[in-house]
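Novice: Here's a structure for you.
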Amino acid sequence: LSERLSGVFDRLTKQGALSEEDVKTALREVRVALLEADVSLPVARDFVKRVQDQATGQAVTRSVTPGQQVVKIVHDALVDTLTGSEDPGALKIDNPPAPILMVGLQGSGKTTTTAKLAKRLKDREGKRVLMASLDVNRPAAMEQLEILGRQIGVDTLPIVKGEDPVTIAKRAKTQAGLGGYDVYMLDTAGRLHIDQELIAQAAAVRDVANPRETLLVVDGLTGQDAVNVATEFDDKIGVSGVVLTRMDGDGRGGAALSMRAVTGKPIRFVGLGEKMDAIETFEPERIAGRILGMGDIVSLVEKAQQTIEAEQAEKMMRRFQKGQFNMNDLKMQLEQMQKMGGMEGVMGMMPGMGKMAKQMEGAGIDDKVIAHQIALVNSMTKKERANPKLLQASRKKRIAQGAGLEVSELNKLLKMQRQMGDMMKKMGKGGMLKQAMKGMF
Ligand code: GDP
Ligand code: MG
């Protein structure tokens with residue numbers, strides 16, 4: 001795939017802004033990449049459409065091709081879509097004993113994931129966890145959980161033959177309360193396909209347990225079906241997150257994107273093997289790279305962008321060293337100040353400058369003053385900003401009027417600009433400027 005894409009990209013070497021044609025050509029291949037990664041068709045289509053609108057007209061970073069730029073935009077959009085608002089690894093387990101309900105199809109990895117998460121809660125958060133198997137269809141499944149429990153040092157609810165899932169859930173709740181557990185996990189039975197009985201059973205268990213978290217476990221190797229499974233479970237049971245298992249295999253993880261896009265539910269964990277430690281919190285960047293399969297292009301573009309930023313900072317520094325500090329520079333500093341809480345905030349970050357700053361014209365200026373100063377710069381012409389020496393009486397009057405302020409305020413601003421320029425120059429000689437700018441950009 002990468003080869004096919006680079007073929008397309010070689011032909012797209014125009015620079016400047018991304019044209020509609022550039023974007024369309026690159027996105028045709030991106031769409032194929034998404035489908036090959038098992039992203040469902042409607043999701044892939046929507047996604048591509050969204051990126052198309054967003055990418056057209058964007059500037060192309062020097063030294064990368066438009067096609068490469070599109071891939072980076074796609075990648076960022078994937079990460080954006082996959083990123084949930086909350087920390088995926090933080091399970092809601094306050095108010096002990098907190099119930100966690102595990103649901104999913106048979107063989108998706110529910111029992112394994114139940115034990116992995118129990119171990120994680122025990123090891124990382126020092127929680128006391130009780131696990132209970134509700135899989136009454138297969139006696140071996142209950143023993144499987146018991147064996148895993150012994151292996152990881154987590155208690156399991158004693159098995160009582162002939163009980164139904166709801167009774168087991170009630171017993172788990174009681175036992176968890178009496179035994180002083182922080183969390184109890186309910187590992188439900190699965191089916192090969194979704195059927196009404198399975199859903200009804202899970203709903204009944206949900207109603208007695210009232211779970212804080214309902215995690216849907218989905219095999220990361222299943223493609224299209226994942227969306228139906230997720231939609232059905234979410235509609236009927238209500239899930240709080242998805243665990244994607246078997247991501248140690250060669251699945252590309254497109255199911256994650258589809259499920260997220262269709263149900264809006266966050267992916268919380270990723271299973272990476274059969275071992276009890278083989279689970280990690282979901283990282284959007286990693287899955288995005290996997291879905292797209294174009295990691296080198298993404299890092300190439302990132303590097304190109306960083307290089308350009310560094311070059312710009314370097315250029316600016318050389319100007320400052322020569323004492324060239326114009327109104328555009330000052331405006332940038334003022335905007336930084338706005339963000340960082342005044343003059344002393346900014347200067348205080350530069351070694352040796354805290355004291356100097358206090359003696360300067362701008363010392364102690366507050367948000368309102370900064371806003372005025374920015375308004376003054378804004379009312380200057382381009383030429384005036386680049387060369388403040390041009391500012392004679394008539395121009396000053398015009399600028400002050402344009403900003404609705406007094407000429408005296410403009411004079412203060414000009415003094416500040418001169419002082420800062422001098423200071424930059426002095427610092428440049430001692431090599432301090434380089435030091436200081438490192439901290440600022
Ligand atoms: P359940 O029917 O949903 O409870 O599924 P199980 O937990 O019994 O898992 C079915 C099989 O998948 C077992 O052999 C597990 O070891 C295996 N399995 C579960 N999670 C993973 C995973 O993340 N990676 C791999 N490679 N195997 C897994
Ligand atoms: Mg099981």
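Ordered as shown in the structure tokens, chains take letters A, B, and onward, while each chain numbers its residues from 1 and ligands are numbered from 1 in the order shown.
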Would you mind listing the residues within 7 Å of ligand 2, counting only C-alpha atoms and all ligand atoms, as a list in words?
Specialist: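 Counting only what the definition allows, namely only C-alpha atoms and all ligand atoms, the set is Gln106, Gly107, Gly109, Lys110, Thr111, Asp135, Ala141, Asp187, Thr188, Ala189 and Gly190 of chain A.
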Novice: Go ahead and write the residues just picked, C-alpha atoms, as an mmCIF file, in the first residue's frame.
Specialist:
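Output (selection.cif):
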```cif
data_model
loop_
_atom_site.group_PDB
_atom_site.id
_atom_site.type_symbol
_atom_site.label_atom_id
_atom_site.label_comp_id
_atom_site.auth_asym_id
_atom_site.auth_seq_id
_atom_site.Cartn_x
_atom_site.Cartn_y
_atom_site.Cartn_z
ATOM 1 C CA GLN A 106 -18.158 -15.658 22.766
ATOM 2 C CA GLY A 107 -14.432 -15.945 22.263
ATOM 3 C CA GLY A 109 -11.712 -12.356 25.205
ATOM 4 C CA LYS A 110 -14.089 -11.414 28.044
ATOM 5 C CA THR A 111 -12.802 -13.883 30.602
ATOM 6 C CA ASP A 135 -21.207 -18.148 32.120
ATOM 7 C CA ALA A 141 -15.714 -21.139 31.497
ATOM 8 C CA ASP A 187 -17.851 -11.952 33.455
ATOM 9 C CA THR A 188 -20.905 -12.800 31.384
ATOM 10 C CA ALA A 189 -21.543 -15.570 28.871
ATOM 11 C CA GLY A 190 -21.232 -14.808 25.194
#
```
Novice: Just list the residues in region 51-228 of chain A DSSP gives strand (DSSP E) on the backbone, as a list of chain:residue names.
Specialist: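 The strand (DSSP E) residues within region 51-228 of chain A come out as A:Ala98, A:Pro99, A:Ile100, A:Leu101, A:Met102, A:Val103, A:Gly104, A:Val129, A:Leu130, A:Met131, A:Ala132, A:Ser133, A:Asp155, A:Thr156, A:Val183, A:Tyr184, A:Met185, A:Leu186, A:Asp187, A:Glu213, A:Thr214, A:Leu215, A:Leu216, A:Val217, A:Val218, A:Asp219.
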Novice: Now that the selection is made, can you save its residues with C-alpha atoms as an mmCIF file, in the first residue's frame?
Specialist:
```cif
data_model
loop_
_atom_site.group_PDB
_atom_site.id
_atom_site.type_symbol
_atom_site.label_atom_id
_atom_site.label_comp_id
_atom_site.auth_asym_id
_atom_site.auth_seq_id
_atom_site.Cartn_x
_atom_site.Cartn_y
_atom_site.Cartn_z
ATOM 1 C CA ALA A 98 -18.033 -1.026 42.464
ATOM 2 C CA PRO A 99 -19.493 -3.406 39.901
ATOM 3 C CA ILE A 100 -17.891 -3.797 36.494
ATOM 4 C CA LEU A 101 -19.867 -5.697 33.880
ATOM 5 C CA MET A 102 -18.060 -7.416 31.018
ATOM 6 C CA VAL A 103 -20.052 -8.169 27.872
ATOM 7 C CA GLY A 104 -19.331 -9.339 24.358
ATOM 8 C CA VAL A 129 -11.168 -7.341 43.497
ATOM 9 C CA LEU A 130 -13.698 -10.168 43.369
ATOM 10 C CA MET A 131 -14.379 -11.863 40.045
ATOM 11 C CA ALA A 132 -17.479 -13.862 39.252
ATOM 12 C CA SER A 133 -18.247 -15.943 36.176
ATOM 13 C CA ASP A 155 -10.458 -13.986 44.520
ATOM 14 C CA THR A 156 -13.288 -15.547 42.569
ATOM 15 C CA VAL A 183 -14.548 -3.884 42.980
ATOM 16 C CA TYR A 184 -16.474 -6.867 41.735
ATOM 17 C CA MET A 185 -16.326 -7.937 38.132
ATOM 18 C CA LEU A 186 -19.062 -9.852 36.370
ATOM 19 C CA ASP A 187 -17.851 -11.952 33.455
ATOM 20 C CA GLU A 213 -18.642 0.402 34.057
ATOM 21 C CA THR A 214 -19.974 -1.846 31.326
ATOM 22 C CA LEU A 215 -17.118 -2.827 29.090
ATOM 23 C CA LEU A 216 -17.768 -4.339 25.708
ATOM 24 C CA VAL A 217 -14.998 -6.719 24.708
ATOM 25 C CA VAL A 218 -14.470 -6.959 20.956
ATOM 26 C CA ASP A 219 -12.019 -9.025 18.978
#
```
Novice: With a distance cut-off of 10 Å and only C-alpha atoms, select the neighbouring residues of Asn328 (chain A), excluding the residue or stretch itself and same-chain residues fewer than 4 positions from it, and output the selection as a short mmCIF file (atom, residue, chain, number, x, y, z; two decimals) with C-alpha atoms, in the first residue's frame.
Specialist:
```cif
data_model
loop_
_atom_site.label_atom_id
_atom_site.label_comp_id
_atom_site.auth_asym_id
_atom_site.auth_seq_id
_atom_site.Cartn_x
_atom_site.Cartn_y
_atom_site.Cartn_z
CA MET A 332 4.06 38.65 19.53
CA GLN A 333 5.59 39.23 22.95
CA LEU A 334 2.48 41.05 24.10
CA ILE A 374 -2.00 45.30 20.93
CA VAL A 377 0.10 47.90 17.05
CA ASN A 378 -2.93 46.79 15.06
CA LYS A 382 2.64 47.21 7.81
CA GLU A 384 5.20 51.27 10.45
CA ARG A 385 5.22 47.98 12.28
CA ALA A 386 8.37 46.88 10.54
CA ASN A 387 10.04 50.23 11.13
CA PRO A 388 8.72 52.13 14.15
#
```
Novice: Can you tell me, as a PyMOL selection string, which residues in region 166-306 of chain A count as helix (DSSP H, G or I) by DSSP?
Specialist: chain A and resi 166-178+196-209+225-236+254-263+284-292+295-306
Novice: Using only C-alpha atoms, determine which residues lie at most 9 Å from Glu335 (chain A), disregarding the query and same-chain residues fewer than 5 positions distant; provide the list as a PyMOL selection string.
Specialist: chain A and resi 330+340+370-371+374
